[in-house]
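Enquirer: So here's query14.txt (compact mmCIF, C-alpha atoms and all ligand atoms).
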# COMPACT_ATOMS: atom_id res chain seq x y z
CA MET A 1 0.00 0.00 0.00
CA GLU A 2 1.18 3.48 -0.81
CA LYS A 3 2.18 5.62 2.13
CA VAL A 4 0.10 8.60 3.16
CA LYS A 5 2.05 11.70 2.27
CA ILE A 6 2.14 14.48 4.85
CA LYS A 7 3.44 17.80 3.63
CA ILE A 8 4.19 20.14 6.52
CA CYS A 9 4.82 23.79 5.82
CA SER A 10 7.94 24.89 7.64
CA GLY A 11 7.73 28.52 6.57
CA THR A 12 8.08 31.10 9.31
CA SER A 13 4.39 31.91 9.67
CA CYS A 14 3.28 28.29 9.89
CA PHE A 15 6.21 27.44 12.12
CA VAL A 16 5.31 30.04 14.72
CA MET A 17 1.64 29.12 14.50
CA GLY A 18 2.32 25.55 15.51
CA ALA A 19 3.87 23.58 12.67
CA ALA A 20 6.81 22.83 14.95
CA ALA A 21 4.59 20.62 17.09
CA ILE A 22 3.40 18.73 14.01
CA GLN A 23 6.96 18.07 12.91
CA ALA A 24 7.22 15.85 16.00
CA LEU A 25 5.48 13.25 13.82
CA GLU A 26 8.83 12.65 12.16
CA PHE A 27 10.45 11.52 15.37
CA THR A 28 7.63 10.16 17.49
CA PRO A 29 4.81 8.97 15.24
CA PRO A 30 2.03 6.90 16.80
CA GLU A 31 2.87 3.21 16.39
CA ASP A 32 -0.20 2.37 14.33
CA ILE A 33 0.72 4.81 11.55
CA ALA A 34 4.51 4.97 11.87
CA ASP A 35 5.34 2.80 8.85
CA LYS A 36 2.44 4.09 6.76
CA ILE A 37 3.38 7.75 6.46
CA GLU A 38 5.88 9.76 4.52
CA ILE A 39 6.67 13.22 5.85
CA VAL A 40 7.95 16.06 3.74
CA GLU A 41 8.76 19.51 5.00
CA VAL A 42 8.23 22.25 2.49
CA ARG A 43 8.89 25.94 2.33
CA CYS A 44 6.11 28.51 2.53
CA MET A 45 3.35 27.41 0.16
CA ASN A 46 2.07 31.00 -0.07
CA LEU A 47 -1.20 30.03 1.58
CA CYS A 48 -0.42 32.47 4.38
CA HIS A 49 -0.28 35.32 1.85
CA ASN A 50 -3.88 35.13 0.71
CA VAL A 51 -4.80 38.81 0.41
CA ASN A 52 -8.52 38.01 0.22
CA ASP A 53 -8.48 36.52 3.66
CA LYS A 54 -8.03 38.69 6.73
CA HIS A 55 -6.92 35.80 8.84
CA ASN A 56 -4.07 33.44 8.48
CA HIS A 57 -5.39 29.91 8.89
CA GLY A 58 -2.02 28.31 9.34
CA PRO A 59 -0.30 26.17 10.08
CA PHE A 60 -1.00 24.48 6.77
CA VAL A 61 -0.48 20.79 6.18
CA TYR A 62 -1.41 18.63 3.22
CA VAL A 63 -2.35 15.04 3.89
CA ASN A 64 -2.19 13.48 0.47
CA ASP A 65 -4.04 16.11 -1.58
CA GLU A 66 -6.21 17.43 1.20
CA LEU A 67 -5.34 20.74 2.80
CA ILE A 68 -5.70 21.00 6.56
CA GLU A 69 -5.95 24.55 7.85
CA GLU A 70 -5.15 25.48 11.43
CA ALA A 71 -3.50 22.11 11.56
CA THR A 72 -2.67 20.42 14.82
CA LEU A 73 -0.90 17.17 15.48
CA GLU A 74 -4.23 15.62 16.41
CA LYS A 75 -6.01 16.82 13.24
CA VAL A 76 -3.21 15.44 11.06
CA ILE A 77 -3.15 12.07 12.82
CA ASN A 78 -6.93 11.80 12.62
CA LYS A 79 -6.86 12.55 8.90
CA VAL A 80 -4.17 9.93 8.31
CA ARG A 81 -6.16 7.34 10.26
CA SER A 82 -9.33 8.15 8.35
CA ILE A 83 -7.49 7.72 5.02
CA LEU A 84 -5.98 4.43 6.18
CA ASN A 85 -9.36 3.21 7.42
CA SER A 86 -11.04 4.07 4.15
CA CYS A 87 -8.35 2.08 2.31
CA ASN A 88 -9.06 -0.92 4.53
CA ALA A 89 -12.82 -0.68 4.17
S1 LIG B 101 4.48 29.97 6.01
FE1 LIG B 101 3.20 28.28 5.60
S2 LIG B 101 2.05 28.86 3.89
FE2 LIG B 101 3.36 30.54 4.27
Show me this structure written as structure tokens.
Ligand code: FES

Expert:
Amino acid sequence: MEKVKIKICSGTSCFVMGAAAIQALEFTPPEDIADKIEIVEVRCMNLCHNVNDKHNHGPFVYVNDELIEEATLEKVINKVRSILNSCNA
């Protein structure tokens, strides 16, 4: 089975808004998903520069092709589990 790809923005804005906590996934992933994920850190994806939006909804994380706004470690893990569960269904 293909791994679930997690793309974590490590740009300054996302970093200070909490991406640092999500990067912990690289070092201490939950056992049930540890060998099923691939983590990539990327530079600012320019989502924090949306001039039509007054608020920055970072940190931004993509789980496969799905964007998670205001991402937290829990939200990312839950999304990964839901993708894995739907593959096993
Ligand atoms: S710093 Fe993450 S989208 Fe800009």

Enquirer: Of the candidates A:Ile8, A:Val42, A:Glu26, A:Ile83, which shows the shortest atom-to-atom distance to Glu69 (chain A), using all atoms listed in the file?

Expert: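 Among the listed residues, the smallest separation from Glu69 (chain A) belongs to A:Ile8.
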
Enquirer: Just how far from CA of His57 (chain A) is CA of Ile22 (chain A), in Å to one decimal?

Expert: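 Distance reported for this atom pair: 15.1 Å.
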
Enquirer: Name the residues, by chain letter and number, that sit within 8 Å of ligand LIG 101 (chain B) using only C-alpha atoms and all ligand atoms, and give them as a PyMOL selection string.

Expert: chain A and resi 9-15+43-49+58-60

Enquirer: Restricted to C-alpha atoms, what would the selected residues look like written as a CSV table (one decimal), in the coordinates of the input?

Expert:
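Generated file (result.csv):
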chain,number,residue,atom,x,y,z
A,9,CYS,CA,4.8,23.8,5.8
A,10,SER,CA,7.9,24.9,7.6
A,11,GLY,CA,7.7,28.5,6.6
A,12,THR,CA,8.1,31.1,9.3
A,13,SER,CA,4.4,31.9,9.7
A,14,CYS,CA,3.3,28.3,9.9
A,15,PHE,CA,6.2,27.4,12.1
A,43,ARG,CA,8.9,25.9,2.3
A,44,CYS,CA,6.1,28.5,2.5
A,45,MET,CA,3.4,27.4,0.2
A,46,ASN,CA,2.1,31.0,-0.1
A,47,LEU,CA,-1.2,30.0,1.6
A,48,CYS,CA,-0.4,32.5,4.4
A,49,HIS,CA,-0.3,35.3,1.8
A,58,GLY,CA,-2.0,28.3,9.3
A,59,PRO,CA,-0.3,26.2,10.1
A,60,PHE,CA,-1.0,24.5,6.8

Enquirer: So how far away is CA of Asn78 (chain A) from CA of Ile6 (chain A), in Å?

Expert: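 These two atoms are separated by 12.2 Å.
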
Enquirer: For CA of Val4 (chain A) and CA of Ile37 (chain A), quote the distance in Å rounded to one decimal.

Expert: 4.7 Å

Enquirer: Extract, using all atoms listed in the file, all DNA, RNA and protein residues at most 12 Å from Asp35 (chain A), discarding same-chain residues fewer than 2 positions from it, and format them as a count of residues only.

Expert: 18

Enquirer: Axis-aligned box over every listed atom of region 32-44 of chain A, padded by 5 Å per side: centre and edges in Å to one decimal, as lines of an AutoDock Vina configuration file?

Expert:
center_x = 4.3
center_y = 15.4
center_z = 8.3
size_x = 19.1
size_y = 36.1
size_z = 22.0

Enquirer: Restricting the calculation to all atoms listed in the file, which member of A:Asn50, A:Ala20, A:Lys79, A:Ser86 is positioned closest to Leu67 (chain A)?

Expert: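 Of the candidates, the smallest distance to Leu67 (chain A) is held by A:Lys79.
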